[in-house]
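Listing of upload_28.tsv; format and content: TSV, C-alpha atoms.
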```
chain	number	residue	atom	x	y	z
A	1	MET	CA	155.14	58.53	-40.33
A	2	THR	CA	155.76	54.93	-41.06
A	3	GLY	CA	155.46	53.02	-44.31
A	4	LEU	CA	152.09	51.67	-43.21
A	5	ASP	CA	150.82	55.23	-42.94
A	6	VAL	CA	151.92	56.01	-46.49
A	7	VAL	CA	150.19	52.93	-47.85
A	8	PHE	CA	147.10	53.77	-45.87
A	9	VAL	CA	146.98	57.33	-47.24
A	10	LEU	CA	147.16	56.04	-50.81
A	11	VAL	CA	144.40	53.48	-50.27
A	12	ALA	CA	142.28	56.02	-48.40
A	13	LEU	CA	142.57	58.58	-51.21
A	14	PHE	CA	141.48	55.96	-53.73
A	15	THR	CA	138.54	54.93	-51.56
A	16	ALA	CA	137.39	58.48	-50.87
A	17	GLY	CA	137.61	59.44	-54.54
A	18	ALA	CA	135.60	56.41	-55.59
A	19	ALA	CA	132.99	57.20	-52.92
A	20	VAL	CA	132.59	60.76	-54.18
A	21	LEU	CA	132.21	59.44	-57.73
A	22	THR	CA	129.55	57.04	-56.47
A	23	VAL	CA	127.24	59.79	-55.25
A	24	THR	CA	127.94	62.34	-57.98
A	25	SER	CA	128.06	60.22	-61.13
A	26	LYS	CA	125.46	60.97	-63.78
A	27	ASN	CA	125.54	57.48	-65.17
A	28	LEU	CA	123.91	54.77	-63.09
A	29	VAL	CA	126.25	52.02	-64.20
A	30	HIS	CA	129.27	54.21	-63.47
A	31	ALA	CA	127.86	54.83	-60.00
A	32	ALA	CA	127.53	51.10	-59.35
A	33	LEU	CA	131.06	50.44	-60.63
A	34	SER	CA	132.39	53.24	-58.41
A	35	LEU	CA	130.63	51.55	-55.51
A	36	ALA	CA	132.50	48.34	-56.36
A	37	ALA	CA	135.76	50.33	-56.39
A	38	THR	CA	134.89	51.86	-53.02
A	39	LEU	CA	134.20	48.45	-51.52
A	40	ALA	CA	137.47	47.11	-52.92
A	41	GLY	CA	139.27	50.11	-51.43
A	42	THR	CA	137.66	49.34	-48.10
A	43	ALA	CA	139.03	45.82	-48.38
A	44	GLY	CA	142.44	47.42	-48.91
A	45	VAL	CA	141.96	49.47	-45.75
A	46	PHE	CA	141.17	46.25	-43.87
A	47	LEU	CA	144.38	44.75	-45.21
A	48	VAL	CA	146.39	47.75	-44.01
A	49	LEU	CA	144.76	47.35	-40.60
A	50	HIS	CA	145.81	43.66	-40.62
A	51	ALA	CA	142.28	42.28	-40.73
A	52	ASP	CA	143.06	39.76	-43.48
A	53	PHE	CA	140.03	37.55	-43.08
A	54	LEU	CA	137.66	40.52	-43.06
A	55	ALA	CA	139.28	41.85	-46.25
A	56	LEU	CA	138.67	38.53	-47.97
A	57	VAL	CA	135.05	38.42	-46.78
A	58	GLN	CA	134.59	41.98	-47.99
A	59	LEU	CA	135.95	41.07	-51.42
A	60	VAL	CA	133.82	37.96	-51.77
A	61	VAL	CA	130.54	39.23	-50.33
A	62	ASN	CA	130.47	42.93	-51.07
A	63	VAL	CA	132.55	43.35	-54.22
A	64	GLY	CA	131.54	40.01	-55.66
A	65	ALA	CA	127.89	39.70	-54.76
A	66	VAL	CA	126.43	43.02	-53.65
A	67	ALA	CA	127.91	45.12	-56.47
A	68	VAL	CA	126.66	42.62	-59.07
A	69	LEU	CA	123.25	42.67	-57.39
A	70	PHE	CA	123.18	46.46	-57.71
A	71	LEU	CA	124.14	46.22	-61.39
A	72	PHE	CA	121.25	43.82	-61.97
A	73	GLY	CA	118.96	46.19	-60.07
A	74	LEU	CA	119.96	49.14	-62.22
A	75	MET	CA	119.54	47.23	-65.45
A	76	LEU	CA	116.16	45.76	-64.54
A	77	THR	CA	114.64	49.08	-63.52
A	78	ARG	CA	115.59	50.96	-66.70
A	79	ALA	CA	116.10	54.28	-64.98
A	80	PRO	CA	116.74	57.44	-66.99
A	81	ILE	CA	120.28	58.77	-67.19
A	82	GLY	CA	121.33	62.32	-66.42
A	83	ARG	CA	122.00	64.43	-63.40
A	84	GLU	CA	118.65	66.16	-63.34
A	85	ALA	CA	116.83	62.85	-63.49
A	86	LEU	CA	118.97	61.26	-60.80
A	87	ASP	CA	119.30	64.05	-58.26
A	88	SER	CA	116.48	65.68	-56.40
A	89	GLN	CA	116.25	69.35	-55.51
A	90	ASN	CA	117.79	68.63	-52.11
A	91	ARG	CA	121.41	68.85	-53.23
A	92	GLY	CA	122.10	71.97	-51.17
A	93	LEU	CA	120.45	70.48	-48.10
A	94	GLY	CA	122.45	67.30	-48.53
A	95	LEU	CA	125.70	69.21	-48.86
A	96	ALA	CA	124.89	71.26	-45.77
A	97	VAL	CA	123.97	68.27	-43.60
A	98	ALA	CA	126.86	66.08	-44.75
A	99	GLY	CA	129.43	68.88	-44.56
A	100	GLY	CA	128.27	70.02	-41.14
A	101	LEU	CA	128.32	66.51	-39.79
A	102	PHE	CA	131.77	65.88	-41.25
A	103	VAL	CA	133.23	69.02	-39.69
A	104	LEU	CA	131.65	68.22	-36.32
A	105	LEU	CA	132.70	64.58	-36.24
A	106	SER	CA	136.22	65.13	-37.53
A	107	GLY	CA	136.74	67.88	-34.98
A	108	LEU	CA	135.63	65.53	-32.22
A	109	ILE	CA	137.83	62.70	-33.52
A	110	ILE	CA	140.93	64.88	-33.79
A	111	ALA	CA	140.31	66.26	-30.31
A	112	ALA	CA	139.84	62.80	-28.83
A	113	PHE	CA	142.28	60.61	-30.76
A	114	GLY	CA	144.62	63.15	-32.35
A	115	THR	CA	147.73	61.80	-30.65
A	116	THR	CA	146.76	58.16	-30.28
A	117	THR	CA	148.99	55.74	-32.13
A	118	VAL	CA	149.00	51.99	-32.31
A	119	GLU	CA	152.60	50.86	-32.00
A	120	GLN	CA	152.29	47.39	-33.42
A	121	VAL	CA	149.36	46.50	-35.61
A	122	THR	CA	148.70	42.81	-35.32
A	123	GLY	CA	145.60	41.14	-36.64
A	124	ALA	CA	143.84	38.10	-35.29
A	125	SER	CA	144.53	34.88	-37.12
A	126	ILE	CA	141.78	32.98	-38.89
A	127	GLU	CA	142.09	30.24	-36.28
A	128	VAL	CA	141.25	32.66	-33.49
A	129	ILE	CA	138.32	34.06	-35.48
A	130	GLY	CA	136.92	30.60	-36.18
A	131	ILE	CA	137.13	29.55	-32.54
A	132	ALA	CA	135.50	32.81	-31.48
A	133	ILE	CA	132.62	32.37	-33.95
A	134	PHE	CA	131.79	28.83	-32.86
A	135	ALA	CA	132.42	29.32	-29.15
A	136	ASP	CA	131.39	32.78	-27.98
A	137	TRP	CA	129.41	34.01	-30.95
A	138	VAL	CA	127.55	30.91	-31.98
A	139	LEU	CA	124.08	32.23	-31.13
A	140	PRO	CA	124.41	35.44	-33.21
A	141	PHE	CA	125.94	33.33	-35.96
A	142	GLU	CA	122.93	31.02	-36.10
A	143	LEU	CA	120.58	34.00	-35.89
A	144	LEU	CA	122.37	35.55	-38.85
A	145	SER	CA	121.92	32.38	-40.86
A	146	MET	CA	118.19	32.42	-40.06
A	147	LEU	CA	118.04	36.09	-41.05
A	148	LEU	CA	119.71	35.36	-44.37
A	149	LEU	CA	117.26	32.53	-45.06
A	150	ALA	CA	114.29	34.75	-44.20
A	151	ALA	CA	115.66	37.54	-46.39
A	152	LEU	CA	116.16	35.10	-49.25
A	153	ILE	CA	112.58	33.82	-49.09
A	154	GLY	CA	111.21	37.30	-48.53
A	155	ALA	CA	113.08	38.71	-51.52
A	156	ILE	CA	111.80	35.93	-53.76
A	157	MET	CA	108.23	36.44	-52.54
A	158	LEU	CA	108.45	40.19	-53.06
A	159	ALA	CA	110.04	40.13	-56.47
A	160	ARG	CA	108.09	37.37	-58.23
A	161	ARG	CA	105.10	38.17	-60.37
A	162	GLU	CA	101.83	38.17	-58.52
A	163	THR	CA	99.38	35.42	-59.28
A	164	GLY	CA	95.62	35.36	-59.18
A	165	GLU	CA	93.51	33.90	-56.42
A	166	SER	CA	93.50	30.41	-57.86
A	167	GLY	CA	97.24	30.44	-58.07
A	168	GLU	CA	97.31	30.82	-61.84
A	169	GLU	CA	99.08	33.65	-63.53
A	170	ALA	CA	96.76	36.59	-63.98
A	171	MET	CA	95.95	37.56	-67.54
A	172	VAL	CA	97.26	41.11	-67.45
A	173	THR	CA	99.18	42.10	-64.38
A	174	ARG	CA	100.84	45.18	-65.68
A	175	ILE	CA	101.29	47.02	-68.93
A	176	ASP	CA	104.62	48.70	-69.15
A	177	VAL	CA	104.94	51.04	-72.04
A	178	GLY	CA	108.61	51.81	-71.98
A	179	ASP	CA	111.25	54.05	-70.60
A	180	THR	CA	109.20	57.18	-70.36
A	181	PRO	CA	106.03	56.68	-68.33
A	182	THR	CA	105.13	60.36	-68.53
A	183	THR	CA	104.73	60.63	-72.29
A	184	GLU	CA	101.27	61.56	-73.38
A	185	GLY	CA	99.62	59.70	-76.22
A	186	GLY	CA	101.92	57.87	-78.56
A	187	VAL	CA	102.51	54.24	-77.76
A	188	ARG	CA	100.37	54.25	-74.66
A	189	ALA	CA	97.23	55.54	-76.38
A	190	GLU	CA	97.71	53.06	-79.17
A	191	LEU	CA	98.12	50.26	-76.69
A	192	GLU	CA	95.06	51.23	-74.70
A	193	ASN	CA	92.99	51.36	-77.85
A	194	THR	CA	93.97	47.92	-78.97
A	195	THR	CA	93.69	46.26	-75.56
A	196	PRO	CA	90.21	45.17	-74.46
A	197	ALA	CA	89.08	47.32	-71.57
A	198	GLY	CA	87.74	44.38	-69.57
A	199	GLN	CA	91.12	42.70	-69.36
A	200	LEU	CA	92.78	45.86	-68.23
A	201	GLY	CA	90.23	46.43	-65.49
A	202	ALA	CA	90.37	42.84	-64.30
A	203	GLY	CA	94.12	42.81	-64.00
A	204	GLY	CA	94.64	46.36	-62.90
A	205	ASP	CA	92.92	46.23	-59.52
A	206	ARG	CA	94.94	44.39	-57.02
B	1	MET	CA	150.48	53.73	-37.12
B	2	SER	CA	148.23	56.67	-36.40
B	3	LEU	CA	144.61	55.94	-35.62
B	4	VAL	CA	143.23	59.26	-36.89
B	5	GLY	CA	143.53	58.26	-40.53
B	6	PRO	CA	141.08	55.35	-40.53
B	7	LEU	CA	138.64	57.24	-38.32
B	8	LEU	CA	138.67	60.28	-40.59
B	9	LEU	CA	138.25	58.09	-43.66
B	10	ALA	CA	135.26	56.39	-42.03
B	11	THR	CA	133.74	59.77	-41.17
B	12	PHE	CA	134.20	60.97	-44.72
B	13	LEU	CA	132.60	57.86	-46.23
B	14	PHE	CA	129.68	58.13	-43.81
B	15	CYS	CA	129.05	61.78	-44.72
B	16	VAL	CA	129.30	61.00	-48.43
B	17	GLY	CA	126.67	58.31	-47.85
B	18	ILE	CA	124.40	60.79	-46.06
B	19	TYR	CA	124.74	63.22	-48.95
B	20	GLY	CA	123.82	60.44	-51.36
B	21	VAL	CA	120.76	59.43	-49.38
B	22	ILE	CA	119.49	63.02	-49.27
B	23	ALA	CA	120.39	64.14	-52.77
B	24	ARG	CA	119.64	61.12	-54.95
B	25	ARG	CA	116.19	60.43	-56.40
B	26	ASN	CA	116.70	56.94	-57.73
B	27	ALA	CA	115.86	54.30	-55.13
B	28	VAL	CA	118.70	52.01	-56.20
B	29	LEU	CA	121.18	54.86	-55.77
B	30	VAL	CA	119.79	55.52	-52.29
B	31	LEU	CA	120.45	51.87	-51.44
B	32	ILE	CA	123.99	52.24	-52.78
B	33	SER	CA	124.53	55.22	-50.48
B	34	VAL	CA	123.28	53.22	-47.49
B	35	GLU	CA	125.84	50.56	-48.41
B	36	LEU	CA	128.57	53.24	-48.28
B	37	MET	CA	127.52	54.21	-44.76
B	38	LEU	CA	127.57	50.60	-43.56
B	39	ASN	CA	131.10	50.23	-44.89
B	40	ALA	CA	132.22	53.34	-43.06
B	41	VAL	CA	131.02	51.81	-39.81
B	42	ASN	CA	133.01	48.66	-40.58
B	43	ILE	CA	136.23	50.65	-40.98
B	44	ASN	CA	135.56	52.26	-37.60
B	45	LEU	CA	135.05	48.89	-35.91
B	46	VAL	CA	138.26	47.43	-37.29
B	47	ALA	CA	140.26	50.53	-36.32
B	48	PHE	CA	139.02	50.36	-32.74
B	49	GLN	CA	139.67	46.63	-32.63
B	50	ASN	CA	143.31	47.47	-33.35
B	51	LEU	CA	143.39	50.18	-30.72
B	52	LEU	CA	141.67	48.37	-27.88
B	53	PHE	CA	142.73	44.74	-28.35
B	54	PRO	CA	146.10	44.90	-30.14
B	55	ASP	CA	147.16	41.30	-29.63
B	56	GLU	CA	144.68	39.70	-27.30
B	57	LEU	CA	142.32	36.96	-28.22
B	58	ALA	CA	139.25	39.22	-28.04
B	59	VAL	CA	137.99	39.80	-31.55
B	60	SER	CA	134.70	41.59	-30.88
B	61	GLY	CA	135.35	44.34	-33.43
B	62	LEU	CA	136.04	41.86	-36.20
B	63	MET	CA	132.96	39.85	-35.25
B	64	PHE	CA	130.71	42.89	-35.40
B	65	ALA	CA	132.15	43.85	-38.78
B	66	LEU	CA	131.50	40.35	-40.12
B	67	PHE	CA	127.91	40.39	-38.90
B	68	ILE	CA	127.36	43.84	-40.38
B	69	ILE	CA	128.55	42.56	-43.76
B	70	GLY	CA	126.07	39.68	-43.55
B	71	VAL	CA	123.14	41.85	-42.49
B	72	ALA	CA	123.99	44.39	-45.20
B	73	ALA	CA	123.82	41.64	-47.82
B	74	ALA	CA	120.35	40.63	-46.57
B	75	GLU	CA	119.26	44.28	-46.55
B	76	VAL	CA	120.37	44.78	-50.15
B	77	GLY	CA	118.46	41.70	-51.27
B	78	VAL	CA	115.18	42.70	-49.66
B	79	GLY	CA	115.62	46.36	-50.61
B	80	LEU	CA	116.15	45.57	-54.27
B	81	ALA	CA	113.12	43.27	-54.24
B	82	ILE	CA	111.01	46.12	-52.87
B	83	VAL	CA	112.41	48.45	-55.55
B	84	PHE	CA	111.51	45.93	-58.27
B	85	ASN	CA	107.97	45.71	-56.92
B	86	MET	CA	107.76	49.50	-56.88
B	87	PHE	CA	108.99	49.66	-60.47
B	88	ARG	CA	106.46	47.06	-61.57
B	89	ASN	CA	103.56	48.85	-59.92
B	90	ARG	CA	104.42	52.44	-60.75
B	91	ALA	CA	106.87	52.23	-63.69
B	92	SER	CA	109.24	54.49	-61.79
B	93	VAL	CA	111.90	54.13	-59.12
B	94	ASN	CA	111.97	57.75	-58.00
B	95	VAL	CA	111.63	58.07	-54.26
B	96	ASP	CA	109.76	61.36	-54.78
B	97	ASP	CA	106.93	59.55	-56.50
B	98	VAL	CA	106.30	57.15	-53.64
B	99	ASP	CA	104.39	59.38	-51.23
B	100	LEU	CA	101.28	57.29	-50.65
B	101	MET	CA	101.93	56.90	-46.91
B	102	ARG	CA	103.00	60.49	-46.39
B	103	TRP	CA	100.94	62.45	-43.93
```
Final structure tokens representation of the file:
Amino acid sequence: MTGLDVVFVLVALFTAGAAVLTVTSKNLVHAALSLAATLAGTAGVFLVLHADFLALVQLVVNVGAVAVLFLFGLMLTRAPIGREALDSQNRGLGLAVAGGLFVLLSGLIIAAFGTTTVEQVTGASIEVIGIAIFADWVLPFELLSMLLLAALIGAIMLARRETGESGEEAMVTRIDVGDTPTTEGGVRAELENTTPAGQLGAGGDR
Amino acid sequence: MSLVGPLLLATFLFCVGIYGVIARRNAVLVLISVELMLNAVNINLVAFQNLLFPDELAVSGLMFALFIIGVAAAEVGVGLAIVFNMFRNRASVNVDDVDLMRW
């Protein structure tokens, strides 16, 4: 067992623990922060495997952008907090499927690669990666840029408020009453009483 | 360095992601679990890059991992936009509530 193995075990334990926290946390924000920790741990695994450039990309794109995007998503959707509200009744099924798959796959991996070792781990330099991107992989690279542009425009189109037929903002697109959509009466009844029924009907049908 | 470690870690992360997808009700948390699974695949690709092409100029594993990171970013953007739309229309992000197209 070399020093690299020891470092890898430490990083792997951190990553696995953060991943378990991600799917079991009762607090949504804690789950998103655990996801950021998991992604950072994955970047550490890439560093141990001598994929320096990939570790940097992982830090910039996933830890920097995707985790923040998830935090925004959680805050904008105002979801309730608590294990019963976050988990469905399928916890046993999920445990069974995930555990069974893990036992099966790890058995296969140990049987196939149990004795395989890489003597000298050497990563590709950034120069080699750059030449490979713009020589052999240039078509997938351009396709990926088109995909990102399409996803950008599609996300904006999906997430913006809908407008009426003439392009103007509709009068009433949606009445959100608060965190608890299931409450009977209370604020909702009050709001429905004070709002003219015609406006509601005009804006409600889309 | 032994190769079993990274592969087992990737398997574990993938299974944790599967558990999250099945057990969580919140759509944003389901997306987070999908992100975990994509990362597990990336670890696998880098590990096999080290096994198969130790010091050649072939960097296919790294390339695939890079592209997966890019596609995952696009997927998260569109997925969150869909979740926002769902929240605006139904005031809820529970995946159990969205069963309009169920048979």
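For the pair atom CA of Arg88 of chain B and atom CA of Gln89 of chain A, the interatomic distance is 25.1 Å.
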**Message:** Can you work out which residues from chain B touch chain A at a cut-off of 7 Å (counting only C-alpha atoms) and hand them back as an MDAnalysis selection string?
**Reply:** chainID B and resid 1:4 8:9 11:13 15:16 18:20 22:26 28 47 50:51 54:55 57 59 66 73:74 77:78 80:82 84:85 87 91
**Prompt:** Which is closest to Ser33 of chain B among A:Ile126, A:Ser34, A:Ala111, A:Val11, if we use only C-alpha atoms?
**Reply:** A:Ser34
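Atom CA of Met75 of chain A is positioned 13.0 Å from atom CA of Ala27 of chain B.
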**Prompt:** Leaving out segment 39-45 of chain B and any residue of its chain fewer than 4 positions from it, which residues lie within 7 Å of it when counting all atoms listed in the file, given as a ChimeraX atom specification?
**Reply:** /B:6-7,10-11,13-14,35,49,61,65
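Across the structure, atom CA of Met37 of chain B and atom CA of Gly17 of chain B are spaced 5.2 Å apart.
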